[in-house]
file model37.cif (mmCIF, C-alpha atoms; chains and numbers go by the auth columns)
data_input
#
loop_
_atom_site.group_PDB
_atom_site.id
_atom_site.type_symbol
_atom_site.label_atom_id
_atom_site.label_comp_id
_atom_site.label_asym_id
_atom_site.label_seq_id
_atom_site.Cartn_x
_atom_site.Cartn_y
_atom_site.Cartn_z
_atom_site.B_iso_or_equiv
_atom_site.auth_seq_id
_atom_site.auth_asym_id
ATOM 1 C CA MET A 1 -47.380 82.068 24.458 0.00 29 J
ATOM 2 C CA GLU A 2 -51.034 82.945 23.818 0.00 30 J
ATOM 3 C CA SER A 3 -52.151 79.341 24.301 0.00 31 J
ATOM 4 C CA ARG A 4 -50.206 79.097 27.572 0.00 32 J
ATOM 5 C CA ALA A 5 -51.762 82.352 28.795 0.00 33 J
ATOM 6 C CA ALA A 6 -55.215 81.085 27.845 0.00 34 J
ATOM 7 C CA ASN A 7 -54.608 77.813 29.702 0.00 35 J
ATOM 8 C CA LEU A 8 -53.452 79.673 32.802 0.00 36 J
ATOM 9 C CA LYS A 9 -56.488 81.932 32.709 0.00 37 J
ATOM 10 C CA ASN A 10 -58.885 79.020 32.264 0.00 38 J
ATOM 11 C CA GLU A 11 -57.341 77.059 35.136 0.00 39 J
ATOM 12 C CA TYR A 12 -57.295 80.118 37.377 0.00 40 J
ATOM 13 C CA GLU A 13 -60.907 80.996 36.651 0.00 41 J
ATOM 14 C CA SER A 14 -61.978 77.391 37.209 0.00 42 J
ATOM 15 C CA ASN A 15 -60.063 76.616 40.403 0.00 43 J
ATOM 16 C CA GLY A 16 -59.255 80.033 41.849 0.00 44 J
ATOM 17 C CA TYR A 17 -55.519 79.374 42.074 0.00 45 J
ATOM 18 C CA LEU A 18 -52.369 78.260 40.256 0.00 46 J
ATOM 19 C CA THR A 19 -49.349 76.619 41.839 0.00 47 J
ATOM 20 C CA GLY A 20 -45.918 75.166 41.137 0.00 48 J
ATOM 21 C CA ILE A 21 -44.909 77.848 38.624 0.00 49 J
ATOM 22 C CA GLN A 22 -41.132 78.120 38.248 0.00 50 J
ATOM 23 C CA ILE A 23 -39.907 81.726 38.552 0.00 51 J
ATOM 24 C CA LEU A 24 -36.348 82.179 39.817 0.00 52 J
ATOM 25 C CA ASP A 25 -33.277 80.601 38.281 0.00 53 J
ATOM 26 C CA LYS A 26 -30.290 79.561 40.375 0.00 54 J
ATOM 27 C CA ASN A 27 -28.519 82.935 40.244 0.00 55 J
ATOM 28 C CA GLN A 28 -31.672 84.975 40.887 0.00 56 J
ATOM 29 C CA LEU A 29 -32.532 82.791 43.845 0.00 57 J
ATOM 30 C CA ALA A 30 -29.048 83.073 45.334 0.00 58 J
ATOM 31 C CA LEU A 31 -29.229 86.879 45.097 0.00 59 J
ATOM 32 C CA ALA A 32 -32.671 87.029 46.701 0.00 60 J
ATOM 33 C CA LEU A 33 -31.608 84.770 49.579 0.00 61 J
ATOM 34 C CA GLN A 34 -28.432 86.773 50.129 0.00 62 J
ATOM 35 C CA ASN A 35 -30.370 90.036 50.260 0.00 63 J
ATOM 36 C CA TYR A 36 -33.035 88.617 52.545 0.00 64 J
ATOM 37 C CA SER A 37 -30.393 87.246 54.914 0.00 65 J
ATOM 38 C CA ALA A 38 -28.946 90.753 55.141 0.00 66 J
ATOM 39 C CA LEU A 39 -32.364 92.029 56.256 0.00 67 J
ATOM 40 C CA GLU A 40 -32.583 89.291 58.885 0.00 68 J
ATOM 41 C CA GLU A 41 -29.195 90.321 60.227 0.00 69 J
ATOM 42 C CA LYS A 42 -30.131 94.004 60.196 0.00 70 J
ATOM 43 C CA PHE A 43 -33.576 93.788 61.806 0.00 71 J
ATOM 44 C CA GLY A 44 -33.672 90.414 63.549 0.00 72 J
ATOM 45 C CA LYS A 45 -35.899 87.452 62.785 0.00 73 J
ATOM 46 C CA GLU A 46 -38.703 88.415 65.138 0.00 74 J
ATOM 47 C CA TYR A 47 -39.132 91.589 63.071 0.00 75 J
ATOM 48 C CA THR A 48 -38.631 90.075 59.630 0.00 76 J
ATOM 49 C CA GLN A 49 -41.257 87.375 60.119 0.00 77 J
ATOM 50 C CA TYR A 50 -44.041 89.836 59.219 0.00 78 J
ATOM 51 C CA ASN A 51 -42.879 93.470 59.195 0.00 79 J
ATOM 52 C CA LEU A 52 -41.027 93.836 55.888 0.00 80 J
ATOM 53 C CA HIS A 53 -43.960 95.572 54.253 0.00 81 J
ATOM 54 C CA ASN A 54 -43.861 97.374 50.880 0.00 82 J
ATOM 55 C CA ILE A 55 -40.089 97.542 50.850 0.00 83 J
ATOM 56 C CA HIS A 56 -40.184 97.224 47.058 0.00 84 J
ATOM 57 C CA LEU A 57 -40.206 101.028 46.941 0.00 85 J
ATOM 58 C CA GLU A 58 -36.774 101.296 48.565 0.00 86 J
ATOM 59 C CA ASN A 59 -35.077 98.077 47.479 0.00 87 J
ATOM 60 C CA THR A 60 -34.378 97.475 43.807 0.00 88 J
ATOM 61 C CA TRP A 61 -33.918 93.727 44.296 0.00 89 J
ATOM 62 C CA VAL A 62 -37.395 93.463 45.833 0.00 90 J
ATOM 63 C CA MET A 63 -38.943 95.457 42.991 0.00 91 J
ATOM 64 C CA ASP A 64 -37.150 93.127 40.589 0.00 92 J
ATOM 65 C CA LEU A 65 -38.852 90.154 42.239 0.00 93 J
ATOM 66 C CA ALA A 66 -42.275 91.819 42.049 0.00 94 J
ATOM 67 C CA THR A 67 -41.790 92.604 38.347 0.00 95 J
ATOM 68 C CA HIS A 68 -39.990 89.424 37.334 0.00 96 J
ATOM 69 C CA PRO A 69 -41.016 88.617 33.736 0.00 97 J
ATOM 70 C CA GLN A 70 -42.216 85.130 34.672 0.00 98 J
ATOM 71 C CA VAL A 71 -44.362 86.575 37.469 0.00 99 J
ATOM 72 C CA LEU A 72 -45.897 89.221 35.239 0.00 100 J
ATOM 73 C CA GLN A 73 -46.557 86.763 32.426 0.00 101 J
ATOM 74 C CA THR A 74 -48.747 84.771 34.808 0.00 102 J
ATOM 75 C CA ILE A 75 -50.371 87.777 36.467 0.00 103 J
ATOM 76 C CA THR A 76 -51.305 89.476 33.192 0.00 104 J
ATOM 77 C CA ALA A 77 -52.676 86.166 31.925 0.00 105 J
ATOM 78 C CA VAL A 78 -55.166 86.032 34.809 0.00 106 J
ATOM 79 C CA LEU A 79 -55.843 89.740 35.442 0.00 107 J
ATOM 80 C CA GLY A 80 -55.366 91.227 32.009 0.00 108 J
ATOM 81 C CA PRO A 81 -52.606 93.307 30.399 0.00 109 J
ATOM 82 C CA ASP A 82 -53.071 96.440 32.538 0.00 110 J
ATOM 83 C CA THR A 83 -51.922 95.592 36.043 0.00 111 J
ATOM 84 C CA ILE A 84 -50.983 97.428 39.239 0.00 112 J
ATOM 85 C CA LEU A 85 -48.730 96.146 42.007 0.00 113 J
ATOM 86 C CA LEU A 86 -50.911 96.849 45.028 0.00 114 J
ATOM 87 C CA ASP A 87 -48.871 95.717 48.010 0.00 115 J
ATOM 88 C CA SER A 88 -46.028 93.432 49.045 0.00 116 J
ATOM 89 C CA ARG A 89 -44.828 91.756 52.215 0.00 117 J
ATOM 90 C CA PHE A 90 -42.320 89.110 53.234 0.00 118 J
ATOM 91 C CA ILE A 91 -43.908 86.499 55.495 0.00 119 J
ATOM 92 C CA CYS A 92 -41.726 84.013 57.330 0.00 120 J
ATOM 93 C CA LYS A 93 -42.752 81.238 59.668 0.00 121 J
ATOM 94 C CA TYR A 94 -39.570 80.483 61.569 0.00 122 J
ATOM 95 C CA PRO A 95 -39.052 77.329 63.600 0.00 123 J
ATOM 96 C CA ALA A 96 -39.462 77.846 67.329 0.00 124 J
ATOM 97 C CA SER A 97 -35.699 77.420 67.724 0.00 125 J
ATOM 98 C CA ASP A 98 -35.192 80.658 65.738 0.00 126 J
ATOM 99 C CA VAL A 99 -38.160 82.714 66.947 0.00 127 J
ATOM 100 C CA PRO A 100 -39.727 81.325 70.133 0.00 128 J
ATOM 101 C CA TYR A 101 -43.524 81.202 70.108 0.00 129 J
ATOM 102 C CA LYS A 102 -45.203 83.983 72.031 0.00 130 J
ATOM 103 C CA ASN A 103 -47.013 82.513 75.031 0.00 131 J
ATOM 104 C CA ASN A 104 -46.058 79.076 73.663 0.00 132 J
ATOM 105 C CA VAL A 105 -48.578 79.495 70.819 0.00 133 J
ATOM 106 C CA ALA A 106 -47.494 78.525 67.304 0.00 134 J
ATOM 107 C CA PRO A 107 -48.511 81.121 64.670 0.00 135 J
ATOM 108 C CA PHE A 108 -50.825 80.070 61.856 0.00 136 J
ATOM 109 C CA VAL A 109 -53.097 81.741 59.294 0.00 137 J
ATOM 110 C CA ALA A 110 -56.811 81.056 59.730 0.00 138 J
ATOM 111 C CA TRP A 111 -59.223 80.194 56.920 0.00 139 J
ATOM 112 C CA HIS A 112 -60.023 83.458 55.147 0.00 140 J
ATOM 113 C CA GLN A 113 -60.433 85.308 51.842 0.00 141 J
ATOM 114 C CA ASP A 114 -57.954 88.071 51.010 0.00 142 J
ATOM 115 C CA ILE A 115 -60.562 90.367 49.480 0.00 143 J
ATOM 116 C CA ARG A 116 -62.185 90.675 52.904 0.00 144 J
ATOM 117 C CA TYR A 117 -59.395 93.028 54.004 0.00 145 J
ATOM 118 C CA TRP A 118 -58.788 95.176 50.936 0.00 146 J
ATOM 119 C CA GLY A 119 -60.796 98.369 50.527 0.00 147 J
ATOM 120 C CA PHE A 120 -61.378 98.479 46.808 0.00 148 J
ATOM 121 C CA GLU A 121 -63.946 97.503 44.201 0.00 149 J
ATOM 122 C CA GLY A 122 -63.917 97.123 40.414 0.00 150 J
ATOM 123 C CA GLY A 123 -61.674 94.091 40.197 0.00 151 J
ATOM 124 C CA SER A 124 -60.230 91.220 42.164 0.00 152 J
ATOM 125 C CA VAL A 125 -56.842 90.884 43.789 0.00 153 J
ATOM 126 C CA ALA A 126 -54.358 88.184 42.808 0.00 154 J
ATOM 127 C CA SER A 127 -52.048 87.120 45.643 0.00 155 J
ATOM 128 C CA VAL A 128 -48.651 85.588 44.857 0.00 156 J
ATOM 129 C CA TRP A 129 -46.497 83.500 47.176 0.00 157 J
ATOM 130 C CA LEU A 130 -42.950 83.420 45.808 0.00 158 J
ATOM 131 C CA ALA A 131 -41.131 80.753 47.774 0.00 159 J
ATOM 132 C CA LEU A 132 -37.725 81.584 49.258 0.00 160 J
ATOM 133 C CA ASP A 133 -37.777 78.188 50.981 0.00 161 J
ATOM 134 C CA ASP A 134 -39.244 74.808 50.147 0.00 162 J
ATOM 135 C CA VAL A 135 -42.842 74.653 51.382 0.00 163 J
ATOM 136 C CA ASP A 136 -44.440 71.383 52.453 0.00 164 J
ATOM 137 C CA GLN A 137 -46.847 69.947 54.986 0.00 165 J
ATOM 138 C CA GLN A 138 -44.253 69.960 57.744 0.00 166 J
ATOM 139 C CA ASN A 139 -43.487 73.694 57.645 0.00 167 J
ATOM 140 C CA GLY A 140 -46.950 75.133 57.099 0.00 168 J
ATOM 141 C CA VAL A 141 -47.954 74.734 53.452 0.00 169 J
ATOM 142 C CA LEU A 142 -50.711 76.872 51.921 0.00 170 J
ATOM 143 C CA GLN A 143 -54.027 75.026 51.606 0.00 171 J
ATOM 144 C CA VAL A 144 -56.869 76.182 49.352 0.00 172 J
ATOM 145 C CA ILE A 145 -60.439 75.160 48.610 0.00 173 J
ATOM 146 C CA PRO A 146 -60.625 74.807 44.806 0.00 174 J
ATOM 147 C CA GLY A 147 -63.552 76.677 43.288 0.00 175 J
ATOM 148 C CA SER A 148 -64.375 78.507 46.514 0.00 176 J
ATOM 149 C CA HIS A 149 -63.881 81.867 44.773 0.00 177 J
ATOM 150 C CA LYS A 150 -67.201 81.251 43.029 0.00 178 J
ATOM 151 C CA GLN A 151 -69.101 81.431 46.343 0.00 179 J
ATOM 152 C CA GLY A 152 -68.573 85.171 46.746 0.00 180 J
ATOM 153 C CA LEU A 153 -67.515 86.836 49.975 0.00 181 J
ATOM 154 C CA LEU A 154 -68.185 84.643 53.014 0.00 182 J
ATOM 155 C CA GLU A 155 -68.824 85.628 56.616 0.00 183 J
ATOM 156 C CA HIS A 156 -65.722 86.370 58.684 0.00 184 J
ATOM 157 C CA ARG A 157 -65.620 86.641 62.470 0.00 185 J
ATOM 158 C CA ALA A 158 -63.082 87.072 65.232 0.00 186 J
ATOM 159 C CA SER A 159 -60.872 84.002 65.540 0.00 187 J
ATOM 160 C CA THR A 160 -61.322 81.983 68.712 0.00 188 J
ATOM 161 C CA VAL A 161 -57.960 80.228 68.415 0.00 189 J
ATOM 162 C CA ALA A 162 -54.800 81.960 69.636 0.00 190 J
ATOM 163 C CA GLY A 163 -51.915 82.464 67.203 0.00 191 J
ATOM 164 C CA ASN A 164 -53.733 83.748 64.115 0.00 192 J
ATOM 165 C CA MET A 165 -51.241 85.850 62.112 0.00 193 J
ATOM 166 C CA LEU A 166 -53.956 87.812 60.297 0.00 194 J
ATOM 167 C CA THR A 167 -53.786 91.432 61.397 0.00 195 J
ATOM 168 C CA SER A 168 -57.540 91.590 61.919 0.00 196 J
ATOM 169 C CA ASN A 169 -57.588 88.215 63.737 0.00 197 J
ATOM 170 C CA GLN A 170 -60.567 87.042 61.697 0.00 198 J
ATOM 171 C CA GLU A 171 -61.583 83.681 60.291 0.00 199 J
ATOM 172 C CA ILE A 172 -64.357 82.087 58.286 0.00 200 J
ATOM 173 C CA PRO A 173 -66.649 79.995 60.534 0.00 201 J
ATOM 174 C CA GLU A 174 -65.961 76.275 60.215 0.00 202 J
ATOM 175 C CA HIS A 175 -69.457 75.394 59.039 0.00 203 J
ATOM 176 C CA LEU A 176 -68.912 77.485 55.889 0.00 204 J
ATOM 177 C CA ILE A 177 -65.688 75.710 54.874 0.00 205 J
ATOM 178 C CA GLU A 178 -65.619 72.484 52.906 0.00 206 J
ATOM 179 C CA THR A 179 -62.352 71.367 54.487 0.00 207 J
ATOM 180 C CA GLN A 180 -62.634 67.905 52.940 0.00 208 J
ATOM 181 C CA LYS A 181 -61.957 69.563 49.582 0.00 209 J
ATOM 182 C CA ALA A 182 -58.779 71.320 50.748 0.00 210 J
ATOM 183 C CA VAL A 183 -55.749 70.985 48.472 0.00 211 J
ATOM 184 C CA GLN A 184 -52.166 71.565 49.558 0.00 212 J
ATOM 185 C CA CYS A 185 -49.891 73.774 47.438 0.00 213 J
ATOM 186 C CA PRO A 186 -46.334 72.595 48.142 0.00 214 J
ATOM 187 C CA LEU A 187 -43.620 74.619 46.447 0.00 215 J
ATOM 188 C CA LYS A 188 -39.943 74.233 45.737 0.00 216 J
ATOM 189 C CA VAL A 189 -37.766 77.233 46.446 0.00 217 J
ATOM 190 C CA GLY A 190 -38.020 79.673 43.531 0.00 218 J
ATOM 191 C CA GLU A 191 -41.531 78.576 42.570 0.00 219 J
ATOM 192 C CA MET A 192 -44.739 80.531 43.100 0.00 220 J
ATOM 193 C CA SER A 193 -48.429 80.045 43.661 0.00 221 J
ATOM 194 C CA VAL A 194 -51.129 82.640 42.977 0.00 222 J
ATOM 195 C CA HIS A 195 -54.718 82.693 44.202 0.00 223 J
ATOM 196 C CA ASP A 196 -57.807 84.819 43.668 0.00 224 J
ATOM 197 C CA GLY A 197 -58.906 87.244 46.359 0.00 225 J
ATOM 198 C CA LEU A 198 -62.063 85.207 46.976 0.00 226 J
ATOM 199 C CA THR A 199 -60.325 81.824 47.213 0.00 227 J
ATOM 200 C CA VAL A 200 -60.683 80.373 50.714 0.00 228 J
ATOM 201 C CA HIS A 201 -57.279 79.390 52.107 0.00 229 J
ATOM 202 C CA PHE A 202 -55.203 78.928 55.250 0.00 230 J
ATOM 203 C CA SER A 203 -51.872 77.605 56.483 0.00 231 J
ATOM 204 C CA GLU A 204 -50.955 75.620 59.575 0.00 232 J
ATOM 205 C CA PRO A 205 -48.115 76.378 61.998 0.00 233 J
ATOM 206 C CA ASN A 206 -44.545 75.517 61.119 0.00 234 J
ATOM 207 C CA PHE A 207 -43.705 72.632 63.429 0.00 235 J
ATOM 208 C CA SER A 208 -40.551 71.692 61.521 0.00 236 J
ATOM 209 C CA ASN A 209 -36.971 72.771 62.195 0.00 237 J
ATOM 210 C CA ARG A 210 -36.902 74.633 58.853 0.00 238 J
ATOM 211 C CA ARG A 211 -37.828 78.193 57.896 0.00 239 J
ATOM 212 C CA ARG A 212 -40.817 78.783 55.643 0.00 240 J
ATOM 213 C CA CYS A 213 -40.322 82.174 54.008 0.00 241 J
ATOM 214 C CA GLY A 214 -42.066 83.710 51.035 0.00 242 J
ATOM 215 C CA PHE A 215 -42.557 87.001 49.265 0.00 243 J
ATOM 216 C CA VAL A 216 -46.266 87.847 49.084 0.00 244 J
ATOM 217 C CA ILE A 217 -47.176 90.178 46.214 0.00 245 J
ATOM 218 C CA ARG A 218 -50.664 91.433 45.443 0.00 246 J
ATOM 219 C CA TYR A 219 -51.814 92.749 42.086 0.00 247 J
ATOM 220 C CA VAL A 220 -55.039 94.306 40.803 0.00 248 J
ATOM 221 C CA PRO A 221 -56.269 95.308 37.346 0.00 249 J
ATOM 222 C CA THR A 222 -56.279 99.029 36.614 0.00 250 J
ATOM 223 C CA THR A 223 -60.103 98.930 36.666 0.00 251 J
ATOM 224 C CA ALA A 224 -59.997 98.516 40.461 0.00 252 J
ATOM 225 C CA TYR A 225 -60.589 101.581 42.610 0.00 253 J
ATOM 226 C CA PRO A 226 -60.284 102.287 46.355 0.00 254 J
ATOM 227 C CA VAL A 227 -63.423 102.776 48.444 0.00 255 J
ATOM 228 C CA ASP A 228 -64.024 104.443 51.771 0.00 256 J
ATOM 229 C CA ASP A 229 -65.108 101.488 53.879 0.00 257 J
ATOM 230 C CA PRO A 230 -64.519 101.644 57.666 0.00 258 J
ATOM 231 C CA ASP A 231 -64.768 97.859 57.745 0.00 259 J
ATOM 232 C CA ARG A 232 -61.824 97.628 55.327 0.00 260 J
ATOM 233 C CA PRO A 233 -59.570 100.513 56.368 0.00 261 J
ATOM 234 C CA ARG A 234 -56.660 99.733 54.066 0.00 262 J
ATOM 235 C CA SER A 235 -54.524 102.414 52.480 0.00 263 J
ATOM 236 C CA PHE A 236 -52.436 101.898 49.365 0.00 264 J
ATOM 237 C CA PRO A 237 -49.232 103.935 49.656 0.00 265 J
ATOM 238 C CA ALA A 238 -47.017 101.701 47.520 0.00 266 J
ATOM 239 C CA THR A 239 -48.954 101.079 44.301 0.00 267 J
ATOM 240 C CA VAL A 240 -46.970 100.834 41.064 0.00 268 J
ATOM 241 C CA LEU A 241 -48.150 100.373 37.488 0.00 269 J
ATOM 242 C CA VAL A 242 -46.146 97.305 36.430 0.00 270 J
ATOM 243 C CA ALA A 243 -47.793 96.223 33.172 0.00 271 J
ATOM 244 C CA GLY A 244 -49.700 97.879 30.352 0.00 272 J
ATOM 245 C CA GLU A 245 -51.407 101.255 30.605 0.00 273 J
ATOM 246 C CA ASP A 246 -53.499 102.872 33.327 0.00 274 J
ATOM 247 C CA ASN A 247 -56.365 104.747 31.733 0.00 275 J
ATOM 248 C CA PHE A 248 -58.286 105.071 34.997 0.00 276 J
ATOM 249 C CA LYS A 249 -55.740 106.608 37.411 0.00 277 J
ATOM 250 C CA HIS A 250 -57.546 105.262 40.476 0.00 278 J
ATOM 251 C CA PHE A 251 -54.246 104.560 42.221 0.00 279 J
ATOM 252 C CA LYS A 252 -51.167 106.738 42.371 0.00 280 J
ATOM 253 C CA ASN A 253 -48.175 105.380 40.487 0.00 281 J
ATOM 254 C CA ASN A 254 -45.417 105.346 43.109 0.00 282 J
ATOM 255 C CA ALA A 255 -42.835 103.805 40.804 0.00 283 J
ATOM 256 C CA PRO A 256 -39.289 104.182 42.157 0.00 284 J
ATOM 257 C CA SER A 257 -36.966 106.258 40.015 0.00 285 J
ATOM 258 C CA THR A 258 -34.883 103.135 39.374 0.00 286 J
ATOM 259 C CA PHE A 259 -37.828 101.159 37.968 0.00 287 J
ATOM 260 C CA ILE A 260 -38.177 100.785 34.211 0.00 288 J
ATOM 261 C CA LYS A 261 -41.477 99.241 33.126 0.00 289 J
ATOM 262 C CA THR A 262 -40.888 96.649 30.431 0.00 290 J
ATOM 263 C CA PHE A 263 -44.286 94.908 30.300 0.00 291 J
#
call {"tool": "encode", "arguments": {"input": "model37.cif", "output": "structure tokens"}}
result
Amino acid sequence: MESRAANLKNEYESNGYLTGIQILDKNQLALALQNYSALEEKFGKEYTQYNLHNIHLENTWVMDLATHPQVLQTITAVLGPDTILLDSRFICKYPASDVPYKNNVAPFVAWHQDIRYWGFEGGSVASVWLALDDVDQQNGVLQVIPGSHKQGLLEHRASTVAGNMLTSNQEIPEHLIETQKAVQCPLKVGEMSVHDGLTVHFSEPNFSNRRRCGFVIRYVPTTAYPVDDPDRPRSFPATVLVAGEDNFKHFKNNAPSTFIKTF
């Protein structure tokens, strides 16, 4: 186990991401898909494509995904043993037949770095994509620039292309991106990828007739602390200590009463 953790950490620190990690077994996957389908029926697909935010606090099955032992084994390998669940969100790119494009513009995610939007210092953020559908080039696969996390924080500006799903509508200027080095991260359903907060990445529109849905989970080490930065006006109302001990108490532990920490 220690050698595997060391290998994961070395690969993550070298490339800025990991991918193709098997997480959910057949029964766990079936339960997650059943529960997610219930949310689609309840709220509608236009809502569920981006608005199921931090529902791990109210839904035990979502908290179970965010604290799945296989997820936490990987996250603690790259961040360290003391880890906080910072934020979670389901993101779904539906085919146009399910959710028609607004103004006939297909949604995509521009080239960016996650850390640009999170108002904290003292540690990086690790972002997980846990695939609830197969992800490939046809339905908008994640693409990353290996090693780009070593460049530090790059310039971001307002996106000039319509359809950017990023809340702040920002992007990294093209001349700063080595797109020829981009690597795709296809996933089978039940697998996950994880990337560093400084890793440059994006995803194209879903032009297929298939859904591309994933559970995005963000984690930070307990050394991280929030900062008052008007350029990064994020709040953190759903933080939960999910592994180890928190000797710093920078973030409130909002653990649901049903959650039992086992890591």
call {"tool": "residues_around", "arguments": {"input": "model37.cif", "residues": "region 155-172 of chain J", "least_positions_apart": "5", "cutoff": "7 Å", "atoms": "all atoms listed in the file", "output": "PyMOL selection string"}}
result
chain J and resi 61+210-225+227-236+238-247
call {"tool": "residues_around", "arguments": {"input": "model37.cif", "residues": "region 78-84 of chain J", "least_positions_apart": "4", "cutoff": "7 Å", "atoms": "all atoms listed in the file", "output": "VMD selection string"}}
result
chain J and resid 88 90 to 91 115 to 120 266
call {"tool": "atom_distance", "arguments": {"input": "model37.cif", "atom1": "CA of Thr111 (chain J)", "atom2": "CA of Asn43 (chain J)"}}
result
21.1 Å
call {"tool": "closest_residue", "arguments": {"input": "model37.cif", "among": "J:Ala138, J:Ala33, J:Leu100, J:Val153", "to": "Thr290 (chain J)", "atoms": "all atoms listed in the file"}}
result
J:Leu100
call {"tool": "closest_residue", "arguments": {"input": "model37.cif", "among": "J:Ala283, J:Lys178, J:Asp126, J:Ala271", "to": "Tyr75 (chain J)", "atoms": "all atoms listed in the file"}}
result
J:Asp126
call {"tool": "decode", "arguments": {"input": "model37.cif", "residues": "region 42-55 of chain J", "atoms": "N, CA, C and O atoms", "output": "tab-separated table (two decimals), in the first residue's frame"}}
result
chain	number	residue	atom	x	y	z
J	42	SER	N	4.70	14.88	-10.65
J	42	SER	CA	5.40	15.04	-11.92
J	42	SER	C	4.50	15.59	-13.02
J	42	SER	O	4.86	16.53	-13.73
J	43	ASN	N	3.30	15.02	-13.14
J	43	ASN	CA	2.42	15.35	-14.26
J	43	ASN	C	1.29	16.31	-13.91
J	43	ASN	O	0.71	16.94	-14.80
J	44	GLY	N	0.94	16.39	-12.62
J	44	GLY	CA	-0.15	17.27	-12.23
J	44	GLY	C	-1.52	16.63	-12.31
J	44	GLY	O	-2.53	17.31	-12.10
J	45	TYR	N	-1.57	15.33	-12.60
J	45	TYR	CA	-2.88	14.66	-12.68
J	45	TYR	C	-2.68	13.14	-12.62
J	45	TYR	O	-1.59	12.62	-12.85
J	46	LEU	N	-3.77	12.45	-12.31
J	46	LEU	CA	-3.86	10.99	-12.38
J	46	LEU	C	-5.17	10.67	-13.09
J	46	LEU	O	-6.13	11.45	-13.02
J	47	THR	N	-5.24	9.54	-13.75
J	47	THR	CA	-6.48	9.21	-14.45
J	47	THR	C	-6.65	7.71	-14.54
J	47	THR	O	-5.70	6.94	-14.32
J	48	GLY	N	-7.88	7.29	-14.86
J	48	GLY	CA	-8.18	5.88	-15.05
J	48	GLY	C	-8.14	5.05	-13.78
J	48	GLY	O	-7.85	3.86	-13.83
J	49	ILE	N	-8.47	5.66	-12.64
J	49	ILE	CA	-8.43	4.95	-11.36
J	49	ILE	C	-9.82	4.35	-11.08
J	49	ILE	O	-10.80	5.09	-10.98
J	50	GLN	N	-9.88	3.05	-10.95
J	50	GLN	CA	-11.16	2.38	-10.70
J	50	GLN	C	-11.64	2.66	-9.27
J	50	GLN	O	-10.89	2.48	-8.32
J	51	ILE	N	-12.91	3.08	-9.16
J	51	ILE	CA	-13.47	3.42	-7.84
J	51	ILE	C	-14.70	2.58	-7.51
J	51	ILE	O	-14.73	1.86	-6.52
J	52	LEU	N	-15.73	2.67	-8.32
J	52	LEU	CA	-17.02	2.06	-7.98
J	52	LEU	C	-17.15	0.66	-8.56
J	52	LEU	O	-16.83	0.42	-9.73
J	53	ASP	N	-17.63	-0.27	-7.71
J	53	ASP	CA	-17.94	-1.59	-8.23
J	53	ASP	C	-19.35	-1.57	-8.85
J	53	ASP	O	-20.02	-0.53	-8.86
J	54	LYS	N	-19.77	-2.69	-9.36
J	54	LYS	CA	-21.03	-2.77	-10.10
J	54	LYS	C	-22.21	-2.32	-9.25
J	54	LYS	O	-23.07	-1.55	-9.71
J	55	ASN	N	-22.29	-2.79	-8.01
J	55	ASN	CA	-23.42	-2.45	-7.15
J	55	ASN	C	-23.40	-0.98	-6.73
J	55	ASN	O	-24.45	-0.32	-6.69
